[in-house]
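Source file protein35.txt; content: compact mmCIF, C-alpha atoms.
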```txt
# COMPACT_ATOMS: atom_id res chain seq x y z
CA MET A 552 143.63 104.33 88.31
CA ASN A 553 141.40 106.07 85.75
CA ALA A 554 138.80 107.96 87.79
CA SER A 555 136.70 109.42 84.94
CA PRO A 556 132.90 109.13 85.18
CA VAL A 557 132.83 106.74 82.23
CA ALA A 558 135.50 104.52 83.81
CA THR A 559 133.40 104.45 86.97
CA LEU A 560 130.39 103.42 84.89
CA VAL A 561 132.43 100.64 83.27
CA ARG A 562 133.50 99.32 86.68
CA ALA A 563 129.90 99.44 87.93
CA TRP A 564 128.82 97.39 84.90
CA VAL A 565 131.55 94.84 85.63
CA ASP A 566 130.42 94.56 89.25
CA LEU A 567 126.85 94.06 88.05
CA TYR A 568 127.37 91.28 85.51
CA THR A 569 129.89 89.36 87.64
CA ARG A 570 127.54 89.04 90.61
CA GLY A 571 127.03 85.43 91.64
CA LEU A 572 130.50 84.34 90.49
CA PRO A 573 133.23 83.16 92.88
CA GLU A 574 135.17 86.09 94.31
CA ALA A 575 138.38 85.01 92.55
CA ALA A 576 136.63 85.13 89.17
CA ARG A 577 135.10 88.53 89.93
CA ALA A 578 138.43 89.94 91.06
CA GLY A 579 140.15 88.58 87.96
CA ARG A 580 137.60 90.21 85.67
CA ARG A 581 137.84 93.53 87.53
CA ASP A 582 141.63 93.47 87.31
CA GLU A 583 141.45 92.71 83.58
CA VAL A 584 139.10 95.64 82.94
CA ASP A 585 141.11 98.02 85.18
CA ASP A 586 144.28 97.14 83.28
CA ASP A 587 142.53 97.80 79.96
CA LEU A 588 141.22 101.17 81.19
CA TRP A 589 144.66 102.17 82.47
CA CYS A 590 146.36 101.24 79.19
CA GLN A 591 143.79 103.17 77.16
CA HIS A 592 144.22 106.24 79.40
CA GLU A 593 148.03 106.16 79.23
CA GLU A 594 148.07 105.71 75.46
CA ALA A 595 145.72 108.68 75.10
CA LEU A 596 147.97 110.86 77.26
CA ALA A 597 151.02 109.85 75.23
CA ILE A 598 149.49 111.05 71.95
CA GLY A 599 147.80 114.14 73.42
CA ARG A 600 144.16 113.13 73.05
CA SER A 601 141.55 115.08 74.97
CA THR A 602 139.79 113.62 78.01
CA ARG A 603 136.44 114.07 76.27
CA SER A 604 137.45 111.97 73.25
CA VAL A 605 138.83 109.22 75.49
CA ASN A 606 135.63 109.15 77.55
CA ALA A 607 133.54 109.00 74.38
CA GLU A 608 135.61 106.07 73.10
CA MET A 609 135.29 104.23 76.43
CA PHE A 610 131.51 104.73 76.41
CA VAL A 611 131.19 103.37 72.86
CA ARG A 612 133.35 100.37 73.81
CA LEU A 613 131.13 99.79 76.84
CA LEU A 614 127.96 99.74 74.72
CA PHE A 615 129.45 97.55 71.99
CA GLY A 616 130.97 95.21 74.57
CA MET A 617 127.81 94.54 76.59
CA PRO A 618 126.64 91.55 74.51
CA ALA A 619 130.12 89.96 74.77
CA ASP A 620 130.15 90.59 78.53
CA VAL A 621 126.78 88.89 78.88
CA GLY A 622 128.00 85.96 76.79
CA TRP A 623 131.10 85.66 78.99
CA ARG A 624 128.96 85.74 82.12
CA MET A 625 126.58 83.08 80.81
CA SER A 626 129.49 80.78 80.01
CA SER A 627 131.06 81.32 83.43
CA GLY A 628 128.29 79.68 85.43
CA ARG A 629 127.12 80.51 88.93
CA GLU A 630 128.42 79.61 92.35
CA ASP A 631 125.02 79.01 93.93
CA GLY A 632 124.33 75.51 92.70
CA PRO A 633 123.88 73.48 89.51
CA ALA A 634 122.22 74.93 86.44
CA LEU A 635 118.49 74.41 86.14
CA GLU A 636 117.45 71.65 83.75
CA ARG A 637 116.04 73.08 80.53
CA GLU A 638 112.87 71.82 78.89
CA PRO A 639 112.81 72.55 75.12
CA SER A 640 109.38 73.31 73.66
CA THR A 641 108.01 74.34 70.29
CA GLY A 642 106.55 77.54 71.72
CA ALA A 643 109.83 78.62 73.31
CA ARG A 644 111.75 77.82 70.12
CA LEU A 645 109.30 79.90 68.07
CA LEU A 646 109.67 82.85 70.44
CA GLY A 647 113.44 82.46 70.36
CA THR A 648 113.42 82.47 66.57
CA LEU A 649 111.28 85.62 66.50
CA ALA A 650 113.67 87.31 68.95
CA ILE A 651 116.65 86.53 66.71
CA LEU A 652 114.81 87.56 63.52
CA GLY A 653 113.83 90.85 65.14
CA ALA A 654 117.42 91.57 66.11
CA VAL A 655 118.62 90.68 62.60
CA GLY A 656 115.98 92.89 60.94
CA TRP A 657 116.75 95.97 63.01
CA GLY A 658 120.44 95.16 62.81
CA ILE A 659 120.28 95.36 59.00
CA ALA A 660 118.54 98.72 59.30
CA LEU A 661 121.24 99.87 61.73
CA VAL A 662 124.00 98.91 59.29
CA GLY A 663 122.13 100.78 56.57
CA TYR A 664 121.98 103.98 58.63
CA ILE A 665 125.67 103.68 59.48
CA ALA A 666 126.67 103.03 55.87
CA TRP A 667 124.49 105.62 54.10
CA GLY A 668 123.71 108.12 56.88
CA GLU A 669 120.97 110.63 56.13
CA ASN A 670 120.78 109.33 52.54
CA ALA A 671 119.76 105.85 53.71
CA TRP A 672 116.09 106.36 52.89
CA LEU A 673 116.90 107.99 49.53
CA THR A 674 119.41 105.41 48.29
CA GLN A 675 118.27 102.22 50.04
CA GLY A 676 114.75 103.09 51.10
CA LEU A 677 113.22 99.72 50.23
CA LEU A 678 115.88 97.79 52.13
CA ILE A 679 115.60 100.01 55.22
CA TYR A 680 111.81 99.87 55.16
CA ALA A 681 111.74 96.09 54.74
CA ALA A 682 114.32 95.53 57.49
CA GLN A 683 112.49 97.77 59.97
CA LEU A 684 109.11 96.24 59.08
CA PHE A 685 110.44 92.68 59.32
CA GLY A 686 112.26 93.36 62.59
CA GLY A 687 109.35 95.26 64.14
CA LEU A 688 106.84 92.51 63.37
CA ALA A 689 109.20 89.85 64.74
CA PHE A 690 109.81 91.85 67.93
CA ALA A 691 106.07 92.41 68.33
CA GLY A 692 105.46 88.68 68.13
CA ALA A 693 108.32 87.90 70.50
CA ALA A 694 107.34 90.47 73.15
CA ILE A 695 103.62 89.70 73.15
CA GLY A 696 104.32 85.99 72.90
CA LEU A 697 106.65 86.05 75.91
CA ALA A 698 104.06 87.91 77.99
CA LEU A 699 101.32 85.41 77.11
CA ARG A 700 103.45 82.25 77.16
CA PHE A 701 104.89 82.95 80.62
CA GLN A 702 102.00 84.88 82.15
CA GLU A 703 101.89 82.57 85.17
CA ARG A 704 105.51 83.40 85.94
CA LEU A 705 105.16 87.14 85.34
CA GLY A 706 103.79 89.79 87.63
CA VAL A 707 100.99 92.02 86.38
CA VAL A 708 103.32 94.95 85.67
CA GLY A 709 105.84 92.82 83.76
CA ALA A 710 103.15 91.16 81.63
CA ILE A 711 101.38 94.42 80.78
CA ALA A 712 104.70 96.11 79.99
CA GLY A 713 105.62 93.30 77.60
CA VAL A 714 102.28 93.43 75.78
CA LEU A 715 102.38 97.22 75.46
CA GLY A 716 105.97 97.06 74.22
CA GLY A 717 104.98 94.50 71.62
CA LEU A 718 102.02 96.61 70.49
CA ALA A 719 104.35 99.61 70.20
CA ALA A 720 106.64 97.58 67.94
CA LEU A 721 103.65 96.44 65.88
CA PHE A 722 102.29 99.96 65.32
CA GLY A 723 105.83 101.20 64.73
CA ALA A 724 106.28 98.61 61.99
CA MET A 725 103.04 99.81 60.42
CA GLY A 726 104.32 103.38 60.12
CA ALA A 727 104.09 105.03 63.54
CA TYR A 728 107.88 104.78 63.88
CA GLU A 729 108.19 106.82 67.08
CA LEU A 730 106.04 104.31 68.93
CA SER A 731 108.88 101.81 68.43
CA LEU A 732 110.76 103.77 71.09
CA PHE A 733 108.43 102.26 73.69
CA LEU A 734 109.44 98.67 72.83
CA PRO A 735 112.76 98.67 74.75
CA ILE A 736 111.12 100.20 77.83
CA GLY A 737 108.31 97.65 77.88
CA THR A 738 110.53 94.64 77.35
CA ALA A 739 113.08 95.96 79.87
CA VAL A 740 110.42 95.74 82.60
CA MET A 741 109.23 92.33 81.39
CA ALA A 742 112.77 90.92 81.09
CA TRP A 743 113.55 91.84 84.69
CA ASP A 744 110.52 89.79 85.77
CA LEU A 745 111.43 86.89 83.48
CA GLY A 746 114.92 86.82 84.95
CA ARG A 747 113.43 86.63 88.44
CA ALA A 748 111.29 83.70 87.28
CA HIS A 749 114.32 81.92 85.73
CA VAL A 750 112.84 81.90 82.23
CA PHE A 751 116.32 83.01 81.21
CA SER A 752 119.44 83.87 83.20
CA ARG A 753 119.54 86.80 85.57
CA PRO A 754 122.62 88.40 83.90
CA LEU A 755 120.87 88.27 80.52
CA ALA A 756 117.74 89.82 82.05
CA VAL A 757 119.82 92.59 83.63
CA ALA A 758 121.66 93.29 80.35
CA HIS A 759 118.38 93.52 78.44
CA SER A 760 116.75 95.72 81.06
CA VAL A 761 119.69 98.12 81.35
CA SER A 762 120.17 98.44 77.59
CA GLY A 763 116.43 98.99 77.10
CA LEU A 764 116.20 101.69 79.76
CA LEU A 765 119.13 103.52 78.16
CA THR A 766 116.70 104.60 75.44
CA ILE A 767 114.50 106.63 77.82
CA PRO A 768 116.42 109.91 77.24
CA LEU A 769 115.91 109.43 73.50
CA LEU A 770 112.19 108.91 74.03
CA VAL A 771 112.04 112.17 75.98
CA ALA A 772 113.92 113.95 73.17
CA SER A 773 111.55 112.55 70.55
CA LEU A 774 108.54 113.85 72.41
CA ALA A 775 110.22 117.25 72.70
CA ASN A 776 111.25 117.93 69.09
CA GLY A 777 110.02 115.10 66.85
CA ASP A 778 112.98 115.11 64.39
CA SER A 779 112.26 111.70 62.88
CA MET A 780 115.58 111.17 61.06
CA LEU A 781 117.75 112.22 64.00
CA ILE A 782 115.65 110.20 66.40
CA GLY A 783 115.74 107.17 64.13
CA VAL A 784 119.53 107.23 63.85
CA GLY A 785 120.00 107.82 67.58
CA PHE A 786 117.51 105.12 68.43
CA LEU A 787 119.24 102.53 66.27
CA ALA A 788 122.66 103.54 67.65
CA LEU A 789 121.44 102.90 71.18
CA MET A 790 120.01 99.59 69.93
CA ILE A 791 123.44 97.96 69.66
CA PRO A 792 123.53 96.46 73.18
CA TYR A 793 119.74 96.01 73.16
CA LEU A 794 119.80 93.97 69.96
CA GLY A 795 122.68 91.93 71.35
CA SER A 796 120.61 91.04 74.39
CA TRP A 797 117.70 89.98 72.14
CA LEU A 798 120.07 87.60 70.36
CA GLY A 799 121.02 86.16 73.75
CA ILE A 800 117.35 85.77 74.71
CA GLY A 801 116.64 84.04 71.40
CA VAL A 802 119.46 81.53 71.85
CA SER A 803 118.41 80.91 75.46
CA LEU A 804 114.79 80.22 74.50
CA ILE A 805 115.77 77.89 71.66
CA ARG A 806 117.93 75.91 74.08
CA GLY A 807 114.91 75.49 76.34
CA VAL A 808 113.33 77.06 79.41
CA PRO A 809 113.86 75.77 82.96
CA ALA A 810 110.73 74.27 84.47
CA ALA A 811 108.85 76.61 86.78
CA ARG A 812 109.55 76.21 90.47
CA GLU A 813 107.09 77.19 93.18
CA THR A 814 109.06 80.37 93.88
CA ASP A 815 109.05 81.31 90.17
CA VAL A 816 105.27 81.63 89.87
CA ALA A 817 104.07 85.21 90.21
CA PRO A 818 101.65 85.84 93.07
CA HIS A 819 99.19 87.61 90.74
CA ARG A 820 98.46 86.31 87.26
CA MET A 821 97.88 88.59 84.29
CA PHE A 822 94.50 87.05 83.47
```

Translate the structure of the given file into structure tokens.
Amino acid sequence: MNASPVATLVRAWVDLYTRGLPEAARAGRRDEVDDDLWCQHEEALAIGRSTRSVNAEMFVRLLFGMPADVGWRMSSGREDGPALEREPSTGARLLGTLAILGAVGWGIALVGYIAWGENAWLTQGLLIYAAQLFGGLAFAGAAIGLALRFQERLGVVGAIAGVLGGLAALFGAMGAYELSLFLPIGTAVMAWDLGRAHVFSRPLAVAHSVSGLLTIPLLVASLANGDSMLIGVGFLALMIPYLGSWLGIGVSLIRGVPAARETDVAPHRMF
């Protein structure tokens, strides 16, 4: 068995997103991932690759694979009873559309940075600017809208975090780009609360929260040195699983939101 720190992280992620499934399904998924890790490790040994390069590849695969893992988990159902009946609404559909548009906008910017690197602003400056502006405004609307729309099902901390995250995205879209780094942290806290309240599935909430909190080290680095280009590229690279989770949230909201149960209502309202 591959005992590297990254392999351990991969197994921990598998244990996390398979919670709530029948034990046979969880064991099958763990065995599938363990076999994949073993094959990757053996192939690397056969061609003489370094442990560091293999660990780096596994970590990248983990990040890129998170949205697919969440999609697999959502399609696998739960063992603790029937799915909650969804109630489509215009407000939820609008928020879902904004979530998807935000992910698309920042995704275009991400592709631009990958394709043109440090020359992205010089060669495709208008496209990058428009994509980041479009995505930032959409995310601002989605985050603030979620906090206000579901305030009765959010705790005070979750609601405030969502609003502050949305404001950070708004000011970031208007030119204060480093403030955009606070969006994933704010929505990570809010998403955890929304998952508790069954606004969307718990696995999707966990995926969004984890991927958002992964950006905290980058936020610390930005406050330390302020290299805008390096921070921008690193930020967008870490956005891959985060943007994937926003797509999942958007699809979930468009499909409808389960009606609030008595246990879903937060004990303290935002307003």

Work out where the centre of an axis-aligned box around every listed atom of segment 745-748 of chain A lies and how long its edges are once 6 Å is added on each side; give both in Å to one decimal as lines of an AutoDock Vina configuration file.
```
center_x = 113.1
center_y = 85.3
center_z = 86.0
size_x = 15.6
size_y = 15.2
size_z = 17.0
```

Checklist entry - Can you tell me how far atom CA of Leu688 of chain A sits from atom CA of Leu732 of chain A, in Å to one decimal? => result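 Atom CA of Leu688 of chain A sits 14.2 Å away from atom CA of Leu732 of chain A.
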
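Remark: for Leu715 of chain A, the closest of the candidate residues A:Val740, A:Ala727, A:Leu764, A:Leu804 is A:Val740 (distances computed over all atoms listed in the file).
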
Next on the checklist: Which residues are near Ala739 of chain A? Cut-off 12 Å, all atoms listed in the file, ignore same chain within fewer than 6 positions. Put them as a ChimeraX atom specification.
Outcome noted: /A:694,708-717,732-733,745-746,755-767,793,796-797

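Of the residues listed (A:Leu673, A:Leu572, A:Ile679, A:Leu734), A:Ile679 shows the shortest atom-to-atom separation from Ala660 of chain A; distances use all atoms listed in the file.
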
Checklist entry - What is the atom CA of Arg603 of chain A-atom CA of Ala558 of chain A distance in Å, reported with one decimal? => result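 These atoms are spaced 12.2 Å apart.
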
Item to check | Residue among A:Val802, A:Leu699, A:Leu684, A:Val750 lying closest to Gly658 of chain A, counting all atoms listed in the file | outcome: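 With all atoms listed in the file as the atom set, the closest residue is A:Leu684.
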
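Among the candidates A:Leu794, A:Gln683, A:Ala742, A:Leu697, the one nearest to Tyr728 of chain A when counting only C-alpha atoms is A:Gln683.
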
Checklist entry - Mind pulling up the distance from atom CA of Trp564 of chain A to atom CA of Val662 of chain A? => result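 Here the two named atoms are 26.1 Å from each other.
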
Next on the checklist: Taking 5 positions as the minimum chain separation for residues in the same chain, which residues sit within 10 Å of segment 642-649 of chain A when counting only C-alpha atoms? Answer as a PyMOL selection string.
Outcome noted: chain A and resi 654-655+686+688-697+700-701+750+797-808

Checklist entry - Pick from A:Val707, A:Ala719, A:Leu661, A:Ala698: nearest to Met790 of chain A, with only C-alpha atoms counted? => result A:Leu661

Item to check | Which residue of A:Met609, A:Leu588, A:Leu705, A:Ile659 approaches His749 of chain A most closely, using only C-alpha atoms | outcome: A:Leu705

Please reconstruct the missing atoms of segment 759-770 of chain A (target: all heavy atoms) and return them as a PDB file, in the frame of the given file.
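Result file follows (selection24.pdb):
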```pdb
ATOM      1  N   HIS A 759     119.491  93.058  79.279  1.00  0.00           N
ATOM      2  CA  HIS A 759     118.380  93.520  78.440  1.00  0.00           C
ATOM      3  C   HIS A 759     117.668  94.711  79.074  1.00  0.00           C
ATOM      4  O   HIS A 759     117.344  95.687  78.390  1.00  0.00           O
ATOM      5  CB  HIS A 759     117.383  92.371  78.235  1.00  0.00           C
ATOM      6  CG  HIS A 759     116.296  92.686  77.258  1.00  0.00           C
ATOM      7  ND1 HIS A 759     116.461  92.563  75.892  1.00  0.00           N
ATOM      8  CD2 HIS A 759     115.033  93.143  77.433  1.00  0.00           C
ATOM      9  CE1 HIS A 759     115.347  92.914  75.272  1.00  0.00           C
ATOM     10  NE2 HIS A 759     114.462  93.276  76.188  1.00  0.00           N
ATOM     11  N   SER A 760     117.445  94.639  80.371  1.00  0.00           N
ATOM     12  CA  SER A 760     116.750  95.720  81.060  1.00  0.00           C
ATOM     13  C   SER A 760     117.550  97.012  81.030  1.00  0.00           C
ATOM     14  O   SER A 760     117.021  98.093  80.733  1.00  0.00           O
ATOM     15  CB  SER A 760     116.450  95.317  82.510  1.00  0.00           C
ATOM     16  OG  SER A 760     115.599  94.191  82.563  1.00  0.00           O
ATOM     17  N   VAL A 761     118.847  96.916  81.327  1.00  0.00           N
ATOM     18  CA  VAL A 761     119.690  98.120  81.350  1.00  0.00           C
ATOM     19  C   VAL A 761     119.788  98.742  79.967  1.00  0.00           C
ATOM     20  O   VAL A 761     119.624  99.955  79.799  1.00  0.00           O
ATOM     21  CB  VAL A 761     121.099  97.776  81.885  1.00  0.00           C
ATOM     22  CG1 VAL A 761     122.053  98.957  81.704  1.00  0.00           C
ATOM     23  CG2 VAL A 761     121.026  97.400  83.365  1.00  0.00           C
ATOM     24  N   SER A 762     120.030  97.905  78.945  1.00  0.00           N
ATOM     25  CA  SER A 762     120.170  98.440  77.590  1.00  0.00           C
ATOM     26  C   SER A 762     118.851  99.027  77.091  1.00  0.00           C
ATOM     27  O   SER A 762     118.835 100.022  76.356  1.00  0.00           O
ATOM     28  CB  SER A 762     120.667  97.358  76.623  1.00  0.00           C
ATOM     29  OG  SER A 762     119.755  96.261  76.572  1.00  0.00           O
ATOM     30  N   GLY A 763     117.720  98.445  77.498  1.00  0.00           N
ATOM     31  CA  GLY A 763     116.430  98.990  77.100  1.00  0.00           C
ATOM     32  C   GLY A 763     116.142 100.326  77.759  1.00  0.00           C
ATOM     33  O   GLY A 763     115.670 101.267  77.119  1.00  0.00           O
ATOM     34  N   LEU A 764     116.462 100.437  79.040  1.00  0.00           N
ATOM     35  CA  LEU A 764     116.200 101.690  79.760  1.00  0.00           C
ATOM     36  C   LEU A 764     117.121 102.811  79.325  1.00  0.00           C
ATOM     37  O   LEU A 764     116.820 103.989  79.557  1.00  0.00           O
ATOM     38  CB  LEU A 764     116.320 101.445  81.272  1.00  0.00           C
ATOM     39  CG  LEU A 764     115.263 100.506  81.858  1.00  0.00           C
ATOM     40  CD1 LEU A 764     115.513 100.279  83.341  1.00  0.00           C
ATOM     41  CD2 LEU A 764     113.851 101.058  81.644  1.00  0.00           C
ATOM     42  N   LEU A 765     118.248 102.474  78.681  1.00  0.00           N
ATOM     43  CA  LEU A 765     119.130 103.520  78.160  1.00  0.00           C
ATOM     44  C   LEU A 765     118.455 104.374  77.096  1.00  0.00           C
ATOM     45  O   LEU A 765     118.905 105.482  76.799  1.00  0.00           O
ATOM     46  CB  LEU A 765     120.404 102.885  77.560  1.00  0.00           C
ATOM     47  CG  LEU A 765     121.470 102.401  78.537  1.00  0.00           C
ATOM     48  CD1 LEU A 765     122.575 101.665  77.783  1.00  0.00           C
ATOM     49  CD2 LEU A 765     122.048 103.558  79.340  1.00  0.00           C
ATOM     50  N   THR A 766     117.376 103.860  76.515  1.00  0.00           N
ATOM     51  CA  THR A 766     116.700 104.600  75.440  1.00  0.00           C
ATOM     52  C   THR A 766     115.696 105.633  75.972  1.00  0.00           C
ATOM     53  O   THR A 766     115.135 106.379  75.184  1.00  0.00           O
ATOM     54  CB  THR A 766     115.943 103.630  74.513  1.00  0.00           C
ATOM     55  OG1 THR A 766     114.900 102.978  75.252  1.00  0.00           O
ATOM     56  CG2 THR A 766     116.880 102.582  73.931  1.00  0.00           C
ATOM     57  N   ILE A 767     115.479 105.677  77.277  1.00  0.00           N
ATOM     58  CA  ILE A 767     114.500 106.630  77.820  1.00  0.00           C
ATOM     59  C   ILE A 767     114.839 108.079  77.484  1.00  0.00           C
ATOM     60  O   ILE A 767     113.952 108.853  77.087  1.00  0.00           O
ATOM     61  CB  ILE A 767     114.349 106.436  79.341  1.00  0.00           C
ATOM     62  CG1 ILE A 767     113.622 105.113  79.630  1.00  0.00           C
ATOM     63  CG2 ILE A 767     113.573 107.596  79.968  1.00  0.00           C
ATOM     64  CD1 ILE A 767     113.423 104.826  81.095  1.00  0.00           C
ATOM     65  N   PRO A 768     116.120 108.522  77.624  1.00  0.00           N
ATOM     66  CA  PRO A 768     116.420 109.910  77.240  1.00  0.00           C
ATOM     67  C   PRO A 768     116.071 110.211  75.785  1.00  0.00           C
ATOM     68  O   PRO A 768     115.627 111.319  75.454  1.00  0.00           O
ATOM     69  CB  PRO A 768     117.933 110.016  77.482  1.00  0.00           C
ATOM     70  CG  PRO A 768     118.221 108.987  78.517  1.00  0.00           C
ATOM     71  CD  PRO A 768     117.298 107.860  78.209  1.00  0.00           C
ATOM     72  N   LEU A 769     116.252 109.222  74.908  1.00  0.00           N
ATOM     73  CA  LEU A 769     115.910 109.430  73.500  1.00  0.00           C
ATOM     74  C   LEU A 769     114.400 109.561  73.319  1.00  0.00           C
ATOM     75  O   LEU A 769     113.926 110.356  72.507  1.00  0.00           O
ATOM     76  CB  LEU A 769     116.439 108.273  72.662  1.00  0.00           C
ATOM     77  CG  LEU A 769     116.326 108.441  71.150  1.00  0.00           C
ATOM     78  CD1 LEU A 769     117.145 109.629  70.677  1.00  0.00           C
ATOM     79  CD2 LEU A 769     116.774 107.180  70.436  1.00  0.00           C
ATOM     80  N   LEU A 770     113.645 108.796  74.091  1.00  0.00           N
ATOM     81  CA  LEU A 770     112.190 108.910  74.030  1.00  0.00           C
ATOM     82  C   LEU A 770     111.753 110.306  74.451  1.00  0.00           C
ATOM     83  O   LEU A 770     110.904 110.924  73.804  1.00  0.00           O
ATOM     84  CB  LEU A 770     111.551 107.865  74.947  1.00  0.00           C
ATOM     85  CG  LEU A 770     110.032 107.945  75.115  1.00  0.00           C
ATOM     86  CD1 LEU A 770     109.329 107.762  73.774  1.00  0.00           C
ATOM     87  CD2 LEU A 770     109.557 106.903  76.118  1.00  0.00           C
TER      88      LEU A 770
END
```
